[in-house]
Amino acid sequence: MSPIPIDAAALLTGLRCILPEILVVATAIFVLFVDLMIPEENKRILCGISLIGVVISLFSVFLLGPARISGFSGAVVHDGLGAFFEIVILAACALTLLMATGYSEWEGTHKGEFYSLLLLSTSGMMFMAKGTDLMTVFLGLETLSIPIYVLVGFHRHRMSSIEGALKYFLLGAFASGFFLYGVALMYAATGTTKIPALAAMLLDARLAANPVFLAGVGLLLVGLAFKVSLVPFHMWTPDAYEGAPTVVTAFMSAAVKAAAFAALIRVLLLTFGGLQPVMWKVLWALSVLTMTVGNLSALLQDNVKRMLAYSSIAHAGYVLVGLVSGDFLGGQAALFYLLVYAFMNIGAFGVVILIAQKEDEGYDIRNLAGIGFKYPALGAFLTLFLVSLGGIPPTAGFVGKFYLFSAAVKNGYIWLAVLGVLNSAASIYYYLRLVVYMYMVPAEGEMPVPRPSRLAFSAALFASGAAVLLLGIFPGSALDLAARSVLSLLM
Amino acid sequence: MVGGILDYLWLVPALPLLGVVLNGAIALFSERPLLLAEAGHEEAGHGHGDARGGDEAPAPYRKLVALIGPGVVGAAFAVSLLCVLQLAARAPQDRLFVQVLFPWIQAGGFTGSAALQLDPLSAVMILVVTGVGFLIHVYSVGYMSHEKAFARYFVYLNLFTFAMLTLVLGSNYLVMFVGWEGVGLCSYLLIGYWYEKQSASDAGKKAFIVNRIGDFGFILGVFLLFWTFGSVDYTEVFARIPALSGNGTLTTEIATAITLLLFVGAVGKSAQIPLYVWLPDAMEGPTPVSALIHAATMVTAGVYMVARSSALYMLAPVSMGAVAAVGAVTAIFSATIGITQNDIKRVLAYSTVSQLGYMFLACGVGAFTAGIFHLMTHAFFKALLFLASGSVIHALSGQQDMRKMGSLKKHLPITFPTMFIATLAIAGIPGLSGFFSKDEILWKSFSSEHGHLALWAIGTLAAGVTAFYMFRLVFMTFYGESRMEPAVEKHVHESPWSMTVPLMLLAVFSVIGGWVGVPEVLGGHNYFEEWMAPVFGHGAAHEAAHHPAALELALMAGSVLVALCGIALAYYLYRVRTKKPEEIAEKVPGLYDVVLNKYYVDEIYDIVIVRKVVNGSIWLWNAFDAAFIDGIVNGIAAVVRGAGDGVRRLQTGVVGNYAFSLLLGAVLVVGYILLR
């Protein structure tokens, strides 16, 4: 038997297609090696190396440009959509690393494995965003999840951290099962796991009525819904978010969500014609349920970290508003919102890390009392991020929500927009509650002293703040990019 | 296009913003270290209140703040005046100037620009905002001189002015919304300025929450508008009305929906029934803030918005009726509450709610010009009333209860006459500004095709009540015997020049402000209506021809007579038979208590809405996070409450319940898709 000939040209194209991912994985491995060689007190170098790797990878994304490169027999693709999400994920990762410089010192996470796990998880997310084969998406999903489970439980001496990790892991395994089973059913019905091929086959109306296929679609949706924490698949979120080291929480809330939404958007938009009539009511209900339960639960939290966890659930609901119609406008709005959300949420978590001096204890809302006047920079940053999360102009959060809801209105889902606006009006209450504490509640007794910010940490906050304002006042180019990215799917 | 001075229109909002930046820097680098140092060796929970005493030597940075804060607003007023003069030099039909600053939101064929629009309507608004705003800034320098956080106060006040100018100058609904949210935020910050006072921060929160309800309606209205017209620019929207009505896209129902939703926003912002409850509580803020935000400018934003959207409202008779009815009912309802209040600022607060009702009544009967006219004159005399009451409070070292005032006339030789003039103006005494604008509204509410005799009657009755409670205020405060506490009485003094000069200037405007709109029937010329004609058209002008001049004069005389009756009654009860009010209160205790307690509206809201929402969300949270799933799996008895330490929660099967929720969700999703 003669060996299978290697198509060198195709291999090269494939490698070029996944160049950003290769760079991230290589950095992760390099970090592990360096970790073995440097003494304990120099571990902060690892964070720098990781950051450099992420920046180079980000650079390579721009280098590849928006042109479509398909690799490995159509298993992955570098296109506008993939590139857009790579930017979001890598930016989130870079901000997390910047904040980790300080955090790791305070909380003792300056460990080689912390950074390499973070990077490996990032690579999984990028694969998920670029996968055009459901198997690639699944591999990406697992590559992102397993390091995240470990990272959530990284504070292995803290009960809450372990508890969150274990719950996330057990349920995550369960959800992965749903996803895989869904793919299997779809394969059984069609003989393929490639998303474009599935989309093409869906032109035949009989497939859209095939119960095996439909059950598969439903299970696939459940698997992804778990990762973006849509209600009722959200139960793990507050525990995992509360227990995880806060930098990891910030990272998860922005990047994991973006990656899972990337896959969802790719599937939904490509199969729009065939599946939208089947799916829109489910998506509609999930969206309303997620927004409402997320916001109402957040209203009652006195723990800031848990409150932001519920808020992130609600935000997944907002993004889903854009996907109910499954059309171009909604897709554009969802992409833009995920970008904005990454900055404002990571920024908010960042300030909270500084204010709460200690994991587990520092997140009570009463700790914020009087912070606003005593530490005006922290107060101003947190207010900015919260105002943006609440969707008040002139921040990016407002523009993002405006696009999501006006896309819904334009496509005739008036009630969805009404419920969305109502939800976002209610959400302002709990965001502004923090502002009230910072500026209008005098501190009882000793006011906690925030951690002294590091240069890198400040840079992360400053970058997020600038992004929130710039995307709010001059959103044009980012919106154009989002539009081109969605359009690239249809080419 | 060369616009001359108009090219500098952007300076109008930019100047107050500059003030924010400069004062912000001072607040951050000069004032904060001082405050922190003081907080270090001073007791927490130190009493704060309106105009506390204190005589430390002022820090040098305060002079700079006192210069910058009012200075930037004064400069903005100067630029506004020049721009408006330039605009007035154009032919009436060309009086529209749009300055695009930068494109903001663009998608497909839709553009939302950050752009300013100067036309007769926004011209009046910016003159009022910067003019009255400037006087109030000057007044604040004196009034707040004892406050520690002096620079911070001016940061907020300048920021408010910037937001308000954005609101009125924006050329589309999105920019208006930016300003709309901005003024709300500043109002919230300023109400809670004395945040150490629990009532102040509660009032701030209440204002914010009630305004959310209004904003919800407003933004939905904008969405619907955008969906219908494909644009949010004023000029484009109004230009497309004929075409879209013609082809059936813009039905009466849609116009009604849009305008009613927008009106919900106006009701929240302008404190109308049923969302007025936040405004009286907002009096917890410093008095100049009450004058600027809660009387002269922000609360009139709703009126401005309705007037701005007049072309849409004219398409929706139902909305017009709603606006008129809400306005009229609010006018009389809150006027009656004003009768029983004893806190001088609360009387004025209910009076503001009532006067805003008049403005909506005007809009609702199609007399948008009259509404804006009253908005302007009201800005003069109500700002004056608040500032004068602030001067009284200042003189009495923070006392706001009118039962502990009296005989202040001789002590306050400037405050008294200016406040008296404002009282005459609001009571509608002929010749003063309030007379012309209020009378215009009452006449239009009778004569306009949207008008009704009942609306006129309610408005006239409310005018009588207004005259009564205002003179009650004046008699209780300035006349009679002194009921002041002896310690307070010793220190009574007239306020410094920085406070009395704004009072005198506002008094002048309270008198002459109405002379630009003297009705024809009195041999005058309504310049104001002529100025506004390019925006609102001569809509109501020709209808007046249907009614004889004698009728107009008779109604005018009637309303003056009603006002005089109100004054006479106040004189009788509070000057002649001073025991009578208590006797009346004792004779009808039930009614008096109901009105004194503001018809128990706050309590009703608390029971009917607030508690339900709170309980509802607790229930929902429990339902999803604990009870619902647990209930199915383990039976209600096994519900884990209180969530102890992690291990226990794991062992009691919470993870199992989470998994069950996941499974249940999956079954529902897949089940629905299959059985659809």
# chains A, B, ... in the order shown; residues from 1 in each chain; ligands from 1

$ select_by_dssp --residues "stretch 219-317 of chain B" --states "alpha helix (DSSP H)" --output "PyMOL selection string"
chain B and resi 219-229+234-246+252-269+278-281+287-291+301-308+310-313+317

$ residues_around --residues "stretch 253-261 of chain B" --least-positions-apart "6" --cutoff "7 Å" --atoms "only C-alpha atoms" --output "PDB file with all heavy atoms, in the first residue's frame"
ATOM      1  N   GLY B 217     -40.514  54.497  28.026  1.00  0.00           N
ATOM      2  CA  GLY B 217     -41.482  54.898  27.005  1.00  0.00           C
ATOM      3  C   GLY B 217     -40.829  55.713  25.907  1.00  0.00           C
ATOM      4  O   GLY B 217     -41.057  55.498  24.725  1.00  0.00           O
ATOM      5  N   PHE B 218     -39.971  56.612  26.322  1.00  0.00           N
ATOM      6  CA  PHE B 218     -39.329  57.498  25.357  1.00  0.00           C
ATOM      7  C   PHE B 218     -38.517  56.708  24.331  1.00  0.00           C
ATOM      8  O   PHE B 218     -38.660  56.895  23.122  1.00  0.00           O
ATOM      9  CB  PHE B 218     -38.428  58.483  26.110  1.00  0.00           C
ATOM     10  CG  PHE B 218     -37.753  59.502  25.243  1.00  0.00           C
ATOM     11  CD1 PHE B 218     -38.469  60.557  24.727  1.00  0.00           C
ATOM     12  CD2 PHE B 218     -36.417  59.403  24.950  1.00  0.00           C
ATOM     13  CE1 PHE B 218     -37.851  61.507  23.922  1.00  0.00           C
ATOM     14  CE2 PHE B 218     -35.792  60.341  24.147  1.00  0.00           C
ATOM     15  CZ  PHE B 218     -36.511  61.391  23.632  1.00  0.00           C
ATOM     16  N   LEU B 220     -38.687  53.576  23.524  1.00  0.00           N
ATOM     17  CA  LEU B 220     -39.557  52.754  22.670  1.00  0.00           C
ATOM     18  C   LEU B 220     -40.204  53.609  21.597  1.00  0.00           C
ATOM     19  O   LEU B 220     -40.310  53.197  20.432  1.00  0.00           O
ATOM     20  CB  LEU B 220     -40.630  52.079  23.511  1.00  0.00           C
ATOM     21  CG  LEU B 220     -40.219  50.814  24.253  1.00  0.00           C
ATOM     22  CD1 LEU B 220     -41.424  50.254  24.981  1.00  0.00           C
ATOM     23  CD2 LEU B 220     -39.655  49.780  23.302  1.00  0.00           C
ATOM     24  N   GLY B 221     -40.627  54.803  21.994  1.00  0.00           N
ATOM     25  CA  GLY B 221     -41.213  55.720  21.025  1.00  0.00           C
ATOM     26  C   GLY B 221     -40.231  56.029  19.908  1.00  0.00           C
ATOM     27  O   GLY B 221     -40.580  56.049  18.725  1.00  0.00           O
ATOM     28  N   LEU B 224     -39.939  53.065  17.563  1.00  0.00           N
ATOM     29  CA  LEU B 224     -41.099  52.957  16.689  1.00  0.00           C
ATOM     30  C   LEU B 224     -41.049  54.041  15.606  1.00  0.00           C
ATOM     31  O   LEU B 224     -41.384  53.806  14.443  1.00  0.00           O
ATOM     32  CB  LEU B 224     -42.372  53.076  17.532  1.00  0.00           C
ATOM     33  CG  LEU B 224     -43.663  52.648  16.845  1.00  0.00           C
ATOM     34  CD1 LEU B 224     -43.541  51.243  16.303  1.00  0.00           C
ATOM     35  CD2 LEU B 224     -44.831  52.731  17.814  1.00  0.00           C
ATOM     36  N   LEU B 225     -40.609  55.214  16.019  1.00  0.00           N
ATOM     37  CA  LEU B 225     -40.469  56.334  15.084  1.00  0.00           C
ATOM     38  C   LEU B 225     -39.463  55.988  13.989  1.00  0.00           C
ATOM     39  O   LEU B 225     -39.693  56.185  12.804  1.00  0.00           O
ATOM     40  CB  LEU B 225     -39.991  57.543  15.883  1.00  0.00           C
ATOM     41  CG  LEU B 225     -39.915  58.879  15.193  1.00  0.00           C
ATOM     42  CD1 LEU B 225     -41.031  59.747  15.735  1.00  0.00           C
ATOM     43  CD2 LEU B 225     -38.608  59.559  15.471  1.00  0.00           C
ATOM     44  N   LEU B 312     -46.125  65.414  14.768  1.00  0.00           N
ATOM     45  CA  LEU B 312     -46.615  64.053  14.977  1.00  0.00           C
ATOM     46  C   LEU B 312     -47.870  64.061  15.842  1.00  0.00           C
ATOM     47  O   LEU B 312     -48.829  63.329  15.584  1.00  0.00           O
ATOM     48  CB  LEU B 312     -45.541  63.203  15.668  1.00  0.00           C
ATOM     49  CG  LEU B 312     -44.316  62.877  14.828  1.00  0.00           C
ATOM     50  CD1 LEU B 312     -43.234  62.275  15.714  1.00  0.00           C
ATOM     51  CD2 LEU B 312     -44.705  61.907  13.744  1.00  0.00           C
ATOM     52  N   TYR B 313     -47.845  64.901  16.879  1.00  0.00           N
ATOM     53  CA  TYR B 313     -49.007  64.938  17.772  1.00  0.00           C
ATOM     54  C   TYR B 313     -50.260  65.385  17.034  1.00  0.00           C
ATOM     55  O   TYR B 313     -51.359  64.896  17.311  1.00  0.00           O
ATOM     56  CB  TYR B 313     -48.730  65.847  18.974  1.00  0.00           C
ATOM     57  CG  TYR B 313     -47.950  65.140  20.052  1.00  0.00           C
ATOM     58  CD1 TYR B 313     -46.567  65.122  20.051  1.00  0.00           C
ATOM     59  CD2 TYR B 313     -48.618  64.425  21.059  1.00  0.00           C
ATOM     60  CE1 TYR B 313     -45.853  64.444  21.026  1.00  0.00           C
ATOM     61  CE2 TYR B 313     -47.914  63.747  22.038  1.00  0.00           C
ATOM     62  CZ  TYR B 313     -46.532  63.765  22.020  1.00  0.00           C
ATOM     63  OH  TYR B 313     -45.835  63.074  22.973  1.00  0.00           O
ATOM     64  N   LEU B 315     -51.163  64.587  14.280  1.00  0.00           N
ATOM     65  CA  LEU B 315     -51.746  63.472  13.536  1.00  0.00           C
ATOM     66  C   LEU B 315     -52.542  62.545  14.448  1.00  0.00           C
ATOM     67  O   LEU B 315     -53.212  61.640  13.975  1.00  0.00           O
ATOM     68  CB  LEU B 315     -50.641  62.650  12.872  1.00  0.00           C
ATOM     69  CG  LEU B 315     -49.770  63.366  11.846  1.00  0.00           C
ATOM     70  CD1 LEU B 315     -48.663  62.446  11.400  1.00  0.00           C
ATOM     71  CD2 LEU B 315     -50.618  63.802  10.670  1.00  0.00           C
ATOM     72  N   ALA B 316     -52.410  62.714  15.747  1.00  0.00           N
ATOM     73  CA  ALA B 316     -52.975  61.738  16.673  1.00  0.00           C
ATOM     74  C   ALA B 316     -53.895  62.419  17.676  1.00  0.00           C
ATOM     75  O   ALA B 316     -53.459  62.821  18.754  1.00  0.00           O
ATOM     76  CB  ALA B 316     -51.847  61.005  17.404  1.00  0.00           C
ATOM     77  N   VAL B 318     -56.059  61.268  19.648  1.00  0.00           N
ATOM     78  CA  VAL B 318     -56.144  60.588  20.942  1.00  0.00           C
ATOM     79  C   VAL B 318     -55.011  61.046  21.849  1.00  0.00           C
ATOM     80  O   VAL B 318     -55.193  61.335  23.035  1.00  0.00           O
ATOM     81  CB  VAL B 318     -56.089  59.047  20.752  1.00  0.00           C
ATOM     82  CG1 VAL B 318     -56.043  58.349  22.097  1.00  0.00           C
ATOM     83  CG2 VAL B 318     -57.286  58.587  19.941  1.00  0.00           C
ATOM     84  N   SER B 319     -53.792  61.109  21.274  1.00  0.00           N
ATOM     85  CA  SER B 319     -52.650  61.547  22.068  1.00  0.00           C
ATOM     86  C   SER B 319     -52.834  62.983  22.521  1.00  0.00           C
ATOM     87  O   SER B 319     -52.529  63.333  23.667  1.00  0.00           O
ATOM     88  CB  SER B 319     -51.370  61.439  21.255  1.00  0.00           C
ATOM     89  OG  SER B 319     -51.218  60.146  20.779  1.00  0.00           O
TER      90      SER B 319
END

$ interface_residues --of "chain A" --to "chain B" --cutoff "8 Å" --atoms "only C-alpha atoms" --output "VMD selection string"
chain A and resid 159 to 160 163 167 171 174 211 214 to 215 218 to 219 222 232 to 233 235 to 236 278 to 279 282 293 296 to 297 299 to 300 373 to 374 376 392 to 394 399 406 409 to 410 418 421 to 422 425 to 426 429 439 to 442 473 to 476 479

$ write_last_selection --atoms "N, CA and C atoms" --output "compact mmCIF listing (two decimals), in the first residue's frame"
# COMPACT_ATOMS: atom_id res chain seq x y z
N MET A 159 -12.78 26.96 49.19
CA MET A 159 -13.92 26.09 48.97
C MET A 159 -14.75 26.57 47.78
N SER A 160 -14.99 27.87 47.71
CA SER A 160 -15.88 28.37 46.67
C SER A 160 -15.28 28.13 45.29
N GLU A 163 -15.64 24.44 44.51
CA GLU A 163 -17.07 24.15 44.30
C GLU A 163 -17.50 24.60 42.91
N LYS A 167 -18.72 22.10 39.88
CA LYS A 167 -20.07 22.22 39.29
C LYS A 167 -19.96 22.51 37.79
N LEU A 171 -21.36 19.81 35.00
CA LEU A 171 -22.43 20.22 34.09
C LEU A 171 -21.90 20.45 32.69
N PHE A 174 -21.76 17.32 30.89
CA PHE A 174 -23.13 16.98 30.52
C PHE A 174 -23.52 17.72 29.24
N PRO A 211 -37.26 14.72 11.66
CA PRO A 211 -37.18 14.80 13.13
C PRO A 211 -35.79 14.48 13.67
N LEU A 214 -33.77 17.57 13.21
CA LEU A 214 -34.24 18.65 14.08
C LEU A 214 -33.85 18.40 15.53
N ALA A 215 -33.95 17.16 15.97
CA ALA A 215 -33.54 16.84 17.33
C ALA A 215 -32.07 17.16 17.50
N GLY A 218 -31.62 20.83 17.91
CA GLY A 218 -32.02 21.24 19.25
C GLY A 218 -30.93 20.94 20.27
N LEU A 219 -30.34 19.74 20.19
CA LEU A 219 -29.31 19.37 21.16
C LEU A 219 -28.06 20.22 20.98
N VAL A 222 -28.66 23.39 22.67
CA VAL A 222 -28.55 23.26 24.12
C VAL A 222 -27.09 23.32 24.55
N PRO A 232 -32.73 28.23 30.64
CA PRO A 232 -32.45 27.62 31.94
C PRO A 232 -31.15 26.80 31.99
N PHE A 233 -30.19 27.13 31.15
CA PHE A 233 -28.94 26.36 31.18
C PHE A 233 -27.85 27.15 31.90
N MET A 235 -27.52 27.64 35.33
CA MET A 235 -27.43 27.47 36.78
C MET A 235 -26.01 27.47 37.32
N TRP A 236 -25.08 26.98 36.52
CA TRP A 236 -23.69 26.90 36.98
C TRP A 236 -23.03 28.27 37.07
N VAL A 278 -38.17 27.32 12.11
CA VAL A 278 -38.24 26.33 13.18
C VAL A 278 -37.74 26.93 14.48
N MET A 279 -36.68 27.71 14.34
CA MET A 279 -35.92 28.08 15.53
C MET A 279 -36.38 29.37 16.19
N VAL A 282 -38.05 29.42 19.63
CA VAL A 282 -37.21 28.92 20.72
C VAL A 282 -36.22 30.00 21.12
N VAL A 293 -34.71 36.60 33.74
CA VAL A 293 -34.21 35.92 34.93
C VAL A 293 -32.86 36.50 35.35
N LEU A 296 -33.55 40.03 36.92
CA LEU A 296 -34.27 40.00 38.21
C LEU A 296 -33.40 39.40 39.29
N SER A 297 -32.61 38.38 38.93
CA SER A 297 -31.75 37.79 39.95
C SER A 297 -30.65 38.76 40.35
N LEU A 299 -30.85 41.87 40.51
CA LEU A 299 -31.41 42.93 41.36
C LEU A 299 -31.19 42.66 42.84
N LEU A 300 -31.14 41.38 43.19
CA LEU A 300 -31.17 41.03 44.61
C LEU A 300 -29.81 40.72 45.19
N PHE A 373 -15.54 59.17 46.14
CA PHE A 373 -14.87 60.44 46.39
C PHE A 373 -13.44 60.24 46.84
N LYS A 374 -13.24 59.14 47.55
CA LYS A 374 -11.90 58.93 48.07
C LYS A 374 -10.95 58.49 46.96
N PRO A 376 -11.21 58.78 43.23
CA PRO A 376 -12.03 59.24 42.10
C PRO A 376 -11.76 58.50 40.80
N ILE A 392 -26.59 53.37 28.76
CA ILE A 392 -26.90 54.80 28.79
C ILE A 392 -25.92 55.53 27.87
N PRO A 393 -26.43 56.39 27.00
CA PRO A 393 -25.52 57.13 26.13
C PRO A 393 -24.67 58.09 26.93
N PRO A 394 -23.50 58.51 26.45
CA PRO A 394 -22.95 58.25 25.13
C PRO A 394 -21.96 57.08 25.14
N VAL A 399 -25.00 52.31 22.21
CA VAL A 399 -25.01 52.09 20.76
C VAL A 399 -25.29 50.62 20.47
N SER A 406 -33.03 47.84 17.63
CA SER A 406 -33.62 48.37 16.41
C SER A 406 -33.61 47.31 15.31
N VAL A 409 -36.73 45.47 16.02
CA VAL A 409 -37.90 46.24 15.59
C VAL A 409 -38.03 46.19 14.08
N LYS A 410 -36.90 46.34 13.40
CA LYS A 410 -36.92 46.37 11.94
C LYS A 410 -37.42 45.06 11.35
N VAL A 418 -39.51 45.44 22.95
CA VAL A 418 -40.14 46.06 24.13
C VAL A 418 -39.62 45.39 25.41
N VAL A 421 -36.01 46.37 26.01
CA VAL A 421 -35.84 47.72 26.55
C VAL A 421 -36.29 47.75 28.01
N LEU A 422 -37.39 47.06 28.28
CA LEU A 422 -37.89 47.02 29.66
C LEU A 422 -36.82 46.41 30.57
N ALA A 425 -34.00 48.71 31.10
CA ALA A 425 -34.38 49.78 32.03
C ALA A 425 -34.28 49.28 33.47
N ALA A 426 -34.74 48.03 33.68
CA ALA A 426 -34.69 47.49 35.04
C ALA A 426 -33.24 47.27 35.47
N TYR A 429 -31.15 49.81 37.38
CA TYR A 429 -31.31 49.94 38.82
C TYR A 429 -30.14 49.31 39.56
N TYR A 439 -20.94 56.79 45.69
CA TYR A 439 -20.99 58.24 45.83
C TYR A 439 -21.94 58.73 46.90
N MET A 440 -22.89 57.91 47.28
CA MET A 440 -23.94 58.47 48.13
C MET A 440 -24.11 57.75 49.45
N VAL A 441 -23.31 56.75 49.70
CA VAL A 441 -23.41 56.08 50.99
C VAL A 441 -22.10 56.30 51.73
N PRO A 442 -22.16 56.92 52.89
CA PRO A 442 -20.91 57.11 53.63
C PRO A 442 -20.38 55.79 54.15
N ILE A 473 -18.96 56.89 21.00
CA ILE A 473 -19.08 58.17 20.32
C ILE A 473 -18.76 58.05 18.83
N PHE A 474 -17.77 57.24 18.51
CA PHE A 474 -17.43 57.02 17.09
C PHE A 474 -17.52 55.54 16.75
N PRO A 475 -18.72 54.98 16.76
CA PRO A 475 -18.82 53.53 16.55
C PRO A 475 -18.68 53.13 15.08
N GLY A 476 -18.59 54.12 14.19
CA GLY A 476 -18.68 53.84 12.75
C GLY A 476 -17.80 52.72 12.25
N LEU A 479 -18.58 49.26 13.58
CA LEU A 479 -19.82 48.75 13.01
C LEU A 479 -19.61 48.28 11.57

$ residues_around --residues "stretch 60-76 of chain A" --least-positions-apart "6" --cutoff "6 Å" --atoms "only C-alpha atoms" --output "ChimeraX atom specification"
/A:14,17,20,130-133

$ closest_residue --among "A:Ala348, A:Ile89, A:Ala407, A:Val340" --to "A:Leu378" --atoms "only C-alpha atoms"
A:Ala348

$ residues_around --residues "B:Ala549" --least-positions-apart "3" --cutoff "7 Å" --atoms "only C-alpha atoms" --output "list in words"
Val521, Glu552 and Leu553 of chain B
